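*Asks:* Sharing a structure here in structure tokens format.
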Amino acid sequence: MPAAQFAVFGHPISHSLSPQIHHAFGQQFGIELEYRAIDAAPEAFAEAVRRFFLDGGRGANVTLPHKAAAFALANQRSESAIRVGSANVLTLQGDGTLAAHNTDGDGMVRDITERHSTDLRGHTALLLGAGGAARGVAWHLLDAGVATLTIVNRSPASADALADAIGDPARAHTRYWQDLADIGSFDLIINATSAGVLGTSLQLPFSLVGARALCYDLSYGAAAGSFLAWAKTAGARYAFDGLGMLVETAADAFELWHGKRPDTDPVYHTLRQQFG
């Protein structure tokens with residue numbers, strides 16, 4: 001019997017750790033699976049996904065820049081995917097239709113609260129960015145109990161749109177990027193911008209970092225380096241990249257597809273040794 005087929009779609013995607021992660025998860029349960037990375041340009045994404053599932057694919061992870069397109073392709077959508085408006089997991093249903101999920105926010109919160117043992121309740125949070133990555137985690141920060149969520153983006157309209165979508169003005173509001181030096185300090189700072197991936201610096205004021213602050217970059221490895229260096233220089237108590245979030249979101253997808261929850265810690269520690 002041929003191994004079950006899974007994939008991750010992105011553009012670019014050659015750097016993806018998802019094949020390594022899912023094969024490691026499969027080994028925990030003795031599950032034979034084939035998991036590959038598929039590079040699809042935006043204009044070719046929909047056709048590439050259809051071909052993958054027609055050729056026997058059972059599930060796919062989706063990363064930049066295709067998460068909104070994946071959501072649009074699906075016939076069924078989870079509550080989290082609907083709330084966020086994008087999907088990072090597509091699953092083939094028994095009737096041949098596709099179901100979309102978004103596990104980004106759950107994965108990030110689990111990494112922060114369980115792996116890094118930080119209770120987010122009562123925290124003042126600053127979310128840098130208002131694009132797809134920010135949308136993927138914003139609601140989950142509020143669900144986790146942060147007291148306030150301040151959203152700052154270089155395009156104020158995008159930040160306002162995210163705050164309006166959340167619809168909780170007492171807790172979630174926006175400020176202007178140029179006001180960052182004057183808006184005080186925060187207990188939790190989440191970098192959801194693409195600056196690190198693009199190799200640019202955010203030029204953030206040190207005054208943002210509170211005495212007990214946790215700073216977290218949704219990227220990992222070299223892409224998170226500049227933000228984490230800024231956080232440590234500013235005196236943050238904790239500074240983490242998003243490698244653990246990546247592993248946790250992969251575990252959510254694996255459980256959706258196989259009905260078994262993998263142990264993420266050994267996989268995380270193996271990857272941590274690769275990235276330092």
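Labeling convention for the structure tokens: chains A, B, ... as they appear, residues from 1 per chain, ligands from 1 in order of appearance.
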Near region 253-258 of chain A, within 8 Å and counting only C-alpha atoms, which residues show up once chain neighbours fewer than 5 positions away are dropped, as a short mmCIF file (atom, residue, chain, number, x, y, z; two decimals) with C-alpha atoms, in the first residue's frame?

*Replies:*
data_model
loop_
_atom_site.label_atom_id
_atom_site.label_comp_id
_atom_site.auth_asym_id
_atom_site.auth_seq_id
_atom_site.Cartn_x
_atom_site.Cartn_y
_atom_site.Cartn_z
CA HIS A 22 5.91 15.59 9.69
CA PHE A 25 5.84 12.88 13.83
CA ARG A 58 -4.87 13.72 1.74
CA GLY A 59 -3.80 16.94 3.42
CA ASN A 61 -0.19 22.81 4.89
CA VAL A 89 -4.33 23.58 6.62
CA THR A 91 -7.86 18.48 4.47
CA THR A 103 -4.00 26.70 13.53
#

*Asks:* Considering only C-alpha atoms, return as a list in words whatever protein or nucleic-acid residues lie within 7 Å of Val209 (chain A), sequence-local ones (same chain, fewer than 3 positions apart) excluded.

*Replies:*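 Listing them by chain and then by number gives Ser185, Phe186, Phe206, Ala213, Ala234 and Ala236 of chain A.
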
*Asks:* Using only C-alpha atoms, find the one residue out of A:Phe45, A:Trp139, A:Tyr216, A:Trp177 that sits nearest to Arg237 (chain A).

*Replies:*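 Nearest to Arg237 (chain A): A:Tyr216.
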
*Asks:* Which distance in Å separates CA of Gly225 (chain A) and CA of Gly196 (chain A), to one decimal?

*Replies:* 7.4 Å

*Asks:* Nearest to Leu162 (chain A) among A:Cys215, A:Met108, A:Val84, A:Ala239, with distances taken over only C-alpha atoms: which residue is it?

*Replies:*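 Of A:Cys215, A:Met108, A:Val84, A:Ala239, the one nearest Leu162 (chain A), counting only C-alpha atoms, is A:Val84.
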
*Asks:* Excluding Arg154 (chain A) and residues on its chain fewer than 5 positions from it, collect all residues at most 9 Å away from it, counting only C-alpha atoms, and give them as a list in words.

*Replies:* Leu128, Gly129, Ala130, Ala159, Tyr176, Trp177 and Gln178 of chain A

*Asks:* Nearest residue to Ile112 (chain A) out of A:Ala3, A:Leu218, A:Ala99, A:Ala48, using only C-alpha atoms?

*Replies:* A:Leu218

*Asks:* From the list A:Asp164, A:Pro2, A:Phe29, A:Tyr220, which residue is nearest Lys260 (chain A) when using only C-alpha atoms?

*Replies:*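 Among the listed residues, A:Phe29 lies closest to Lys260 (chain A).
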
*Asks:* Hey, which of A:Ser194, A:Thr63, A:Ser86, A:Gln27 ends up closest to His15 (chain A)? Count only C-alpha atoms.

*Replies:*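 Going through A:Ser194, A:Thr63, A:Ser86, A:Gln27 one by one, the smallest distance to His15 (chain A) is for A:Thr63.
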
*Asks:* Would you pick out the contacts of Asn88 (chain A) at 12 Å or less, using only C-alpha atoms, so that residues sharing its chain but fewer than 4 positions from it are not included, and give the list as a PyMOL selection string?

*Replies:* chain A and resi 7-10+59-74+77-78+80-82+84+99-107+132-133+136+246+249-250+252-253

*Asks:* I need the residues from that last selection saved to file as a CSV table (one decimal), in the first residue's frame (with N, CA and C atoms), if you can.

*Replies:*
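The file below, again_18.csv, is the result:
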chain,number,residue,atom,x,y,z
A,7,ALA,N,1.6,17.5,1.8
A,7,ALA,CA,2.5,18.5,1.2
A,7,ALA,C,2.3,19.8,1.9
A,8,VAL,N,3.3,20.7,1.7
A,8,VAL,CA,3.2,22.1,2.1
A,8,VAL,C,3.3,22.9,0.8
A,9,PHE,N,2.5,23.9,0.7
A,9,PHE,CA,2.5,24.8,-0.5
A,9,PHE,C,3.0,26.2,0.0
A,10,GLY,N,3.9,26.8,-0.8
A,10,GLY,CA,4.3,28.1,-0.5
A,10,GLY,C,5.1,28.7,-1.7
A,59,GLY,N,-3.8,15.7,2.6
A,59,GLY,CA,-3.8,16.9,3.4
A,59,GLY,C,-2.6,17.8,3.0
A,60,ALA,N,-2.8,19.1,3.2
A,60,ALA,CA,-1.8,20.1,2.8
A,60,ALA,C,-1.7,21.2,3.9
A,61,ASN,N,-0.4,21.6,4.2
A,61,ASN,CA,-0.2,22.8,4.9
A,61,ASN,C,0.0,23.9,3.9
A,62,VAL,N,-0.3,25.1,4.2
A,62,VAL,CA,-0.2,26.3,3.3
A,62,VAL,C,0.5,27.4,4.1
A,63,THR,N,1.5,28.0,3.4
A,63,THR,CA,2.2,29.1,4.0
A,63,THR,C,2.2,30.2,3.0
A,64,LEU,N,3.0,31.3,3.3
A,64,LEU,CA,3.0,32.5,2.5
A,64,LEU,C,3.3,32.2,1.0
A,65,PRO,N,2.7,32.8,0.1
A,65,PRO,CA,1.6,33.9,0.2
A,65,PRO,C,0.2,33.4,0.0
A,66,HIS,N,-0.1,32.1,0.3
A,66,HIS,CA,-1.3,31.4,-0.2
A,66,HIS,C,-2.4,31.2,0.8
A,67,LYS,N,-2.3,31.7,2.0
A,67,LYS,CA,-3.2,31.4,3.1
A,67,LYS,C,-4.7,31.9,2.8
A,68,ALA,N,-4.8,33.1,2.2
A,68,ALA,CA,-6.1,33.6,1.9
A,68,ALA,C,-6.7,32.8,0.7
A,69,ALA,N,-5.8,32.5,-0.3
A,69,ALA,CA,-6.3,31.7,-1.4
A,69,ALA,C,-6.8,30.3,-1.0
A,70,ALA,N,-6.1,29.7,0.0
A,70,ALA,CA,-6.5,28.4,0.5
A,70,ALA,C,-7.8,28.5,1.1
A,71,PHE,N,-8.1,29.5,1.9
A,71,PHE,CA,-9.4,29.7,2.5
A,71,PHE,C,-10.5,29.8,1.5
A,72,ALA,N,-10.2,30.5,0.4
A,72,ALA,CA,-11.2,30.7,-0.7
A,72,ALA,C,-11.5,29.4,-1.4
A,73,LEU,N,-10.5,28.5,-1.5
A,73,LEU,CA,-10.6,27.2,-2.2
A,73,LEU,C,-11.5,26.2,-1.5
A,74,ALA,N,-11.6,26.3,-0.2
A,74,ALA,CA,-12.2,25.3,0.6
A,74,ALA,C,-13.7,25.3,0.5
A,77,ARG,N,-15.1,25.4,6.3
A,77,ARG,CA,-14.1,26.2,7.0
A,77,ARG,C,-14.3,26.2,8.5
A,78,SER,N,-13.3,26.0,9.2
A,78,SER,CA,-13.4,26.0,10.7
A,78,SER,C,-13.7,27.4,11.2
A,80,SER,N,-12.2,29.1,13.4
A,80,SER,CA,-10.9,29.9,13.5
A,80,SER,C,-10.5,30.4,12.1
A,81,ALA,N,-10.7,29.6,11.1
A,81,ALA,CA,-10.3,30.0,9.7
A,81,ALA,C,-11.3,31.2,9.3
A,82,ILE,N,-12.5,31.0,9.6
A,82,ILE,CA,-13.5,32.1,9.3
A,82,ILE,C,-13.2,33.4,10.0
A,84,VAL,N,-10.3,34.4,11.1
A,84,VAL,CA,-9.1,35.0,10.6
A,84,VAL,C,-9.1,35.4,9.1
A,99,ALA,N,-11.7,20.9,3.4
A,99,ALA,CA,-11.9,21.6,4.6
A,99,ALA,C,-10.7,22.5,5.0
A,100,ALA,N,-11.0,23.7,5.4
A,100,ALA,CA,-9.9,24.6,5.8
A,100,ALA,C,-9.8,24.9,7.3
A,101,HIS,N,-8.7,24.9,7.8
A,101,HIS,CA,-8.4,25.2,9.2
A,101,HIS,C,-7.3,26.3,9.3
A,102,ASN,N,-7.3,27.0,10.4
A,102,ASN,CA,-6.2,27.9,10.7
A,102,ASN,C,-5.8,27.6,12.1
A,103,THR,N,-4.5,27.1,12.2
A,103,THR,CA,-4.0,26.7,13.5
A,103,THR,C,-2.9,27.6,14.0
A,104,ASP,N,-2.6,28.7,13.3
A,104,ASP,CA,-1.5,29.6,13.7
A,104,ASP,C,-1.6,30.1,15.1
A,105,GLY,N,-2.8,30.7,15.5
A,105,GLY,CA,-3.0,31.3,16.8
A,105,GLY,C,-2.9,30.3,17.9
A,106,ASP,N,-3.5,29.2,17.7
A,106,ASP,CA,-3.4,28.1,18.7
A,106,ASP,C,-2.0,27.7,18.9
A,107,GLY,N,-1.3,27.5,17.8
A,107,GLY,CA,0.1,27.1,17.9
A,107,GLY,C,1.0,28.1,18.7
A,132,GLY,N,-1.6,39.2,7.2
A,132,GLY,CA,-2.1,37.8,7.4
A,132,GLY,C,-1.6,37.2,8.7
A,133,ALA,N,-0.3,37.3,8.9
A,133,ALA,CA,0.3,36.7,10.1
A,133,ALA,C,-0.3,37.3,11.4
A,136,GLY,N,-3.7,36.1,12.0
A,136,GLY,CA,-3.7,34.7,12.4
A,136,GLY,C,-3.6,34.5,13.9
A,246,LEU,N,5.9,26.9,14.9
A,246,LEU,CA,5.8,26.1,13.7
A,246,LEU,C,5.6,24.7,14.0
A,249,THR,N,1.9,24.2,15.3
A,249,THR,CA,0.9,24.2,14.2
A,249,THR,C,1.0,22.9,13.4
A,250,ALA,N,2.2,22.4,13.2
A,250,ALA,CA,2.3,21.2,12.4
A,250,ALA,C,1.7,20.0,13.2
A,252,ASP,N,-0.9,20.2,15.1
A,252,ASP,CA,-2.4,20.4,15.0
A,252,ASP,C,-2.8,19.8,13.6
A,253,ALA,N,-2.0,20.1,12.6
A,253,ALA,CA,-2.4,19.5,11.3
A,253,ALA,C,-2.3,18.0,11.3

*Asks:* Assign secondary structure with DSSP using the backbone only, and return the residues of region 38-152 of chain A in helix (DSSP H, G or I) as number ranges by chain.

*Replies:* A: 42-54, 67-73, 79-84, 104-115, 132-143

*Asks:* Nearest to Pro266 (chain A): which of A:Ala46, A:Ala24, A:Ala251, A:Leu149 is it, counting only C-alpha atoms?

*Replies:*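 Among the listed residues, A:Ala24 lies closest to Pro266 (chain A).
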
*Asks:* Got a sec to tell me which of region 17-109 of chain A DSSP assigns to strand (DSSP E), as a ChimeraX atom specification?

*Replies:* /A:33-39,57-62,76-77,89-92,98-101

*Asks:* Find the distance between CA of Gly210 (chain A) and CA of Gly122 (chain A) and write it in Å to one decimal.

*Replies:*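 That distance, rounded to one decimal, is 13.8 Å.
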
*Asks:* Rounded to one decimal place, report the CA of Leu180 (chain A)-CA of Leu202 (chain A) distance in Å.

*Replies:*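 Computing it gives 11.2 Å between the two atoms.
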
*Asks:* Excluding same-chain residues fewer than 4 positions from Ala181 (chain A), what lies within 8 Å of it counting only C-alpha atoms, as a ChimeraX atom specification?

*Replies:* /A:204-205,207-208
